[in-house]
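Each remark here refers to the structure printed beneath this line.
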Amino acid sequence: MVDYHASNSQYSSGPQTYMEQENDWDRDLLLDPAWERQQRKTFTAWCNSHLRKMGVQIENIEEDFRDGLKLMLLLEVISGERLAKPERGKMRVHFVSNVNKALDFIASKGVKLVSIGAEEIVDGNAKMTLGMIWTIILRFAIQDISVEETSAKEGLLLWCQRKTAPYKNVNVQNFHISWKDGLAFNALIHRHRPELIDYDKLRKDDPLTNLNNAFDVAEKYLDIPKMLDAEDIVGTLRPDEKAIMTYVSSFYHAFSGAQKAETAANRICKVLAVNQDNERLMEDYEKLASQLLEWIRRTIPWLENRAPEKTMAEMQQKLEDFRDYRRVHKPPKVQEKCQLEISFNTLQTKLRLSNRPAFMPSEGRMVSDINGAWQTLEGAEKGYEEWLLNEIRRLERLDHLAEKFRQKAAIHESWTNGKEAMLTQKDYETANLSEVKALLRKHKAFESELTAHQDRVEQIAAIAQELNDLDYYDSPSVNARCQSICEQWDMLGALTGSRREALENTEKQLESIDELYLEYAKRAAPFNNWMEGAMEDLQDMFIVHTNEEIEGLIAAHEQFKSTLPDADTERKAIQGIQEQIKTIGQSNNIKFSVTNPYTTITPESIDSKWEQTLQLVPQRDTALQEELSKQQSNNALRCQFASQANVVGPWIKQKMEEIGKISIEMNGTLEDQLTNVRDYKESITEYKPNMDQLEGVYKLIQEALIFDNMYTQYTMEHLRVSWEQLLTTIARTISEIENQILTRDAKGISQEQMYEYRASFNHFDKKRSGQMVADDFRALLISTGNSLGDVEFARIMGIVDPNNTGAVTFQAFIDYMSRETTDTDTADQVIASFRILAGDKPFITADELRRELPADQAEYCIARMAPYSGPDAGPEALDYMSFSTALYGESDL
């Protein structure tokens with residue numbers, strides 16, 4: 001039982017009494033009459049403002065509380081609790097018992113009553129009764145007021161100062177003279193209900209008007225009873241502080257609902273702003289991913305199109321288009337792909353920091369889907385380049401074969417010209433024996449020549465077949481010409497056989513032979529054929545790709561030139577036979593035709609072809625030397641490319657290793673590391689001209705149709721991919737550091753903690769890969785003092801490695817280490833904020849949202865909230881609980 005009869009005077013500064021700063025009651029129980037009048041009016045009005053809820057009023061504060069019944073009822077109303085059953089008797093003992101029950105209840109709330117006893121209240125002691133009521137006001141109306149960790153009087157004063165700060169002529173420093181001019185009361189009302197007061201029309205020199213205006217508005221519109229008289233306040237040098245505090249506390253409680261609603265609205269606005277920003281990032285990601293996938297979808301069919309062109313010029317244009325794609329169209333897409341990955345990681349970090357569920361892109365737009373599509377693109381790209389180069393080789397070979405076919409066909413057709421007429425003539429029917437024998441010998445010589453031409457016909461047919469096998473675009477005309485040559489050749493063979501048979505039948509009748517003409521013809525024909533073959537070989541086109549090949553052709557040509565003296569000897573011997581014929585004819589006075597009856601090959605034609613052969617030899621020398629120079633130039637291009645590639649390749653590899661070290665080392669603050677990596681990126685970018693120069697050399701190599709390089713292991717494709725990987729790795733490193741800064745700032749991690757986290761992570765990152773395997777991560781957790789069972793460790797791994805990759809990144813590690821201490825909004829907090837705005841209803845209406853939230857965020861909620869289906873819900877009721885849950889995901893509730 002609390003001692004209500006202690007010897008200390010009431011409201012004195014004793015040992016830690018309740019609300020120590022307020023225990024300034026007059027020790028001698030003396031109270032300024034003006035103050036007492038103000039307190040009586042204020043305290044009475046304050047008590048009635050609560051008692052009227054039970055249909056009860058008091059008129060005289062010291063008389064109406066004497067029996068303790070209304071006092072107990074007052075305490076029940078303001079506390080919301082039931083007191084002990086009161087005594088209904090009319091005797092003094094019953095009154096004392098009731099008052100003691102009230103005082104006991106006050107004491108149970110942590111209030112230390114000093115020198116206030118039940119007897120004083122029952123006896124109607126005004127000073128003690130006012131002191132008791134003031135104690136009740138302090139405990140139940142002022143104690144719970146808290147602003148920035150201050151409470152009671154200081155909290156109420158700070159609240160008043162903040163609410164009236166924007167108003168001119170208002171400077172609240174206390175609870176007495178700061179309120180005398182009435183402007184502070186009007187400012188409080190205007191701040192919360194501006195439509196009730198025209199503040200600009202109030203004058204500081206008219207306090208009565210100001211006070212009455214505020215008191216009347218408060219009573220009429222705010223349900224705050226008039227607890228003070230304007231005349232008393234203006235007429236008192238220093239208004240009573242307790243009366244002012246009591247009245248002002250009524251304003252605080254009247255507006256506390258609005259304050260709570262404002263706080264709740266601010267929290268919801270913050271949550272919705274985060275959600276709207278995240279949705280914009282998600283939409284940006286989806287849009288960029290769709291555009292990139294659409295570009296890949298359009299590009300792959302172009303790269304997979306293997307429809308060959310008919311000419312080298314058309315295929316060269318395809319190659320140039322491909323180079324333009326590589327140089328102009330693809331690099332921006334590489335940057336978009338890298339930016340997409342960075343945006344995805346940044347979005348996931350923001351969602352994680354705001355306690356939101358992870359972002360799952362729509363089907364087919366995951367980063368892995370884009371990487372898969374990109375790999376398909378690069379595969380198609382590699383296959384397309386290989387196909388282009390192979391097709392150019394094929395067309396080059398086809399052009400060479402087609403030209404060779406036309407040359408050989410033209411030579412053969414020239415040779416066969418007139419042969420059909422010769423074989424079908426009937427000259428042997430009117431000839432004598434010698435003439436027939438001559439015709440027979442001539443025919444045999446022709447057969448020899450025909451046999452010699454068999455190889456050429458077979459070569460022509462073989463070339464035509466090869467053109468067909470290589471799918472030459474003009475194969476129909478080649479086949480038609482080849483078919484014509486073969487049919488003509490078969491006909492010549494048949495005609496030759498028929499003529500030989502006729503001559504042999506005639507030979508039985510005619511026996512005369514001219515051995516010299518025959519010998520000439522026999523020797524001249526092979527020699528003539530040799531010269532024609534030599535001229536054909538000297539004019540033959542060639543295609544080579546290496547020094548060794550051209551040097552082989554030069555050696556073969558030199559060997560051919562070494563046979564020319566023997567050929568010249570044979571030529572002279574053949575010409576000697578013709579001279580011998582002339583000598584014998586002249587010596588024996590024989591009449592013979594100037595034309596050799598056995599051959600059309602004249603000595604003049606032999607000499608002419610010999611001269612042509614000798615002229616073609618130096619021309620062939622020149623062509624071979626020019627090709628040798630070309631191959632030497634190609635070799636120089638190979639060496640030039642190799643010398644640069646052998647520098648660029650190791651440089652890129654070195655930079656990849658350096659950036660790998662940078663990403664796991666601790667040098668300065670995260671901002672320092674970010675600056676260093678960005679500077680490092682600039683130094684890497686400055687190396688781009690070396691790649692461009694290498695691309696230029698590679699273009700010359702492709703234009704020269706150089707397909708291999710024995711001087712280097714690096715290909716342009718390999719260097720391109722390595723360069724893009726280097727740029728992507730640097731961009732990812734920058735993104736990771738930015739995310740670490742974002743995480744550090746959002747979770748309040750100090751720089752020293754960041755150093756400690758990084759040092760611990762690097763120590764257990766045995767492979768220096770920027771990731772820890774599960775066993776190393778477990779060892780790290782144990783090193784920090786965590787004793788982990790298998791179940792608990794599996795739970796933690798599910799947090800830091802949700803995709804079950806078996807590895808833990810540094811970002812996931814610091815997220816885990818700091819997530820328990822982070823002050824983030826939760827779904828429960830958001831639901832509680834909506835409940836305040838809804839007035840404790842389980843649903844909220846669109847009008848309430850529009851009244852409490854900014855317009856854009858109100859409409860955002862209305863568009864996404866489902867209708868509320870619970871009881872007593874009207875058509876405009878919205879389900880804020882499911883909406884709040886959806887913001888965070890079910891797992892967070």
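Convention: chains lettered A, B, ... in structure tokens order; per-chain residue numbering from 1; ligands numbered from 1 as shown.
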Q: For stretch 668-682 of chain A, work out the shell of residues within 7 Å, counting only C-alpha atoms and skipping chain neighbours fewer than 2 positions away, then give it as an MDAnalysis selection string.
A: chainID A and resid 666 684:686 730 734 737 741 751
Q: May I have the residues within 12 Å of A:Met91 as a ChimeraX atom specification, using only C-alpha atoms and disregarding those fewer than 4 positions away in the same chain?
A: /A:66-68,87,95-98,122
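Distance check against A:Phe446 using only C-alpha atoms: of A:Thr600, A:Thr715, A:Thr263, A:Gln857, the minimum falls on A:Thr600.
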**Q.** Computed interatomic separation between atom CA of A:Leu878 and atom CA of A:Met865 (Å)
**A.** 6.0 Å
At a cut-off of 8 Å, can you tabulate as a tab-separated table every residue of stretch 147-211 of chain A near stretch 226-238 of chain A together with its closest atom pair and the distance in Å to one decimal, using only C-alpha atoms and ordering rows by chain then number?
residue	atom	partner	partner_atom	distance
A:His176	CA	A:Arg238	CA	5.9
A:Ile177	CA	A:Arg238	CA	5.8
A:Lys180	CA	A:Val234	CA	6.0
A:Asp181	CA	A:Val234	CA	7.5
A:Pro207	CA	A:Val234	CA	7.1
A:Leu208	CA	A:Ala230	CA	5.8
A:Leu211	CA	A:Ala230	CA	5.6
**Q.** Near-A:Ile224 list (12 Å; only C-alpha atoms; drop same-chain fewer than 5 positions) as a PyMOL selection string
**A.** chain A and resi 42+45-50+189+214-219+246-255
Q. What are the DSSP strand (DSSP E) residues of stretch 142-198 of chain A, as number ranges by chain?
A. A: 146-147, 150-151
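Comparing A:Asp847, A:Asp801, A:Glu403, A:Glu241 by their smallest distance to A:Glu859, the closest is A:Asp847 (using only C-alpha atoms).
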